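J.: This structure is in structure tokens; I'll ask about it shortly.
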Amino acid sequence: MSETHALRPWRTIVRRKSRKIRVGNVEVGGDAPISVQSMTNTLTADAVATIEQVRQLEEAGADIVRVSCPDEASTAALPQIVKAAKVPIVADIHFHYRRGIEAAKAGSACLRINPGNIGSPDRVREVIQAARDHGCSIRIGVNAGSLENHLLEKYGEPCPDAMVESALDHARILQDHDFHEFKISVKASDLFMTVAAYQMLAEAIDCPLHIGVTEAGGQRIGTVKSAIGMGALLWAGIGDTLRVSLAADPVEEVKVGFDLLKSLGLRHRGVNIIACPSCARQGFDVIRTVETLEARLAHIATPMSLSIIGCVVNGPGEALMTDVGFTGGGKGSGMVYLAGKADHKMDNDRMVDHIVELVERRAAELESASLSPT
């Protein structure tokens, strides 16, 4: 347990114990960091466009990227995409077993596939063997919107019990073939159903869990629904890798994913800006300043904190807990805090450039310290 959590036990999250698998060079489950995923929305057959979007997702911090492979042209483009990518590529396969075999041979790190949906036992065996031969893991991806007919007849409608039964049925197929490099997701657009299904699944099996609220909606409502659903699961220690599903630029999915993990203290990347909502007491335009700083500091991956508070009511207290802080309240100027202590004053009209400089300097110091031998 970290010193922070030892001193503040109410911040402690005890992660569910799961076995560890590998998705390419990324560990998932066990004590591995919770990884953040997204999915391209380009035509996979257009390798150039897909590689460009993968690059954007890598820059945003994505640990794993998934691409859809609905046809042979898509799997034919995979070797070029995999070679260009710096992160593991997951191939999303539905129904056609040959696409799974082709994707494994093309270098995919993982196949997103439901074994029970791809045909005869012989075909299932071929896909599992291809995954084994080429070092692929598998994600069993159960969605409430595409449950098997016999389960819908049994339960009457999509529900957590049906989703978990589907997941365990698919898992049993892999286990019967002595294949254990798999993770499972049980997603629904209904966040209540999603949370309940994951809670049940977490008790039923020890494999890593890929969490998410599927088809959550546009950027705003999708972020809110994902934060509620995944936040509840993560707080309970459930979840080894995640994707925030938004009808928005996939890069936003990565940003929201990291913000979720940062908010719960589970993982840190980039600058965590703590800012007040602003009011009549503000000594500068807090909202515009934060928007500008978010854009200008987006390139920094080093974990650190920055407080931007409009007045002295809460400003000094918040600054005590951050690497860099700025508190308004003076006539056209504010106080700059470094490592929690008041350091010097700065004019409001020069504060943004100055804060960017301070944050970049602090990030360089932290990076240098992390590389120095102990």
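Residues are referred to by chain and number: the chain letter is A, B, ... according to the order shown in the structure tokens, the number counts from 1 in that chain, and ligands are numbered separately from 1 in the order shown.
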Can you check which parts of range 146-254 of chain A lie within 9 Å of range 57-78 of chain A? Per residue, the shortest pair of atoms and distance in Å to one decimal, counting only C-alpha atoms, sorted by chain and number, as a Markdown table.
T.:
```
| residue | atom | partner | partner_atom | distance |
| --- | --- | --- | --- | --- |
| A:Pro250 | CA | A:Leu57 | CA | 7.3 |
| A:Val251 | CA | A:Leu57 | CA | 5.5 |
| A:Glu252 | CA | A:Ala60 | CA | 8.5 |
| A:Val254 | CA | A:Ala62 | CA | 6.0 |
```
J.: Counting only C-alpha atoms, what is within 9 Å of Ala236 in chain A, bar same-chain residues fewer than 5 positions away, as a PyMOL selection string?
T.: chain A and resi 13-16+231
J.: Can you list, as a PyMOL selection string, all residues belonging to range 93-192 of chain A that DSSP tags as helix (DSSP H, G or I)?
T.: chain A and resi 97-105+115-117+121-133+144-146+149-155+160-176+191-192
J.: Please report, as a tab-separated table, each residue of range 242-296 of chain A lying at most 8 Å from range 332-353 of chain A, together with the nearest pair of atoms and the separation in Å rounded to one decimal; use only C-alpha atoms, and order rows by chain and ascending residue number.
T.:
```
residue	atom	partner	partner_atom	distance
A:Gly283	CA	A:Gly332	CA	7.2
A:Phe284	CA	A:Asn348	CA	6.8
A:Thr289	CA	A:Val352	CA	7.1
A:Thr292	CA	A:Val352	CA	7.9
A:Leu293	CA	A:Val352	CA	6.9
```
J.: Here is a test: counting only C-alpha atoms, which residue of A:Asn314, A:Gly29, A:Leu111, A:Asp285 is nearest to Leu242 in chain A?
T.: A:Gly29
J.: Name all residues at most 12 Å from range 261-264 of chain A (count only C-alpha atoms; drop same-chain ones fewer than 5 positions away) and give them as a PyMOL selection string.
T.: chain A and resi 5+10-14+33-36+226-227+230-237+239-244+254-256+269-274+303-305
J.: What is the CA of Pro121 in chain A-CA of Ile173 in chain A distance in Å, reported with one decimal?
T.: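 Distance between the two atoms: 9.2 Å.
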J.: Check the smallest atom-to-atom distance from each of A:Ala248, A:Ile140, A:Leu191, A:Ala162 to Ser38 in chain A using only C-alpha atoms, then report the winner.
T.: A:Ala248
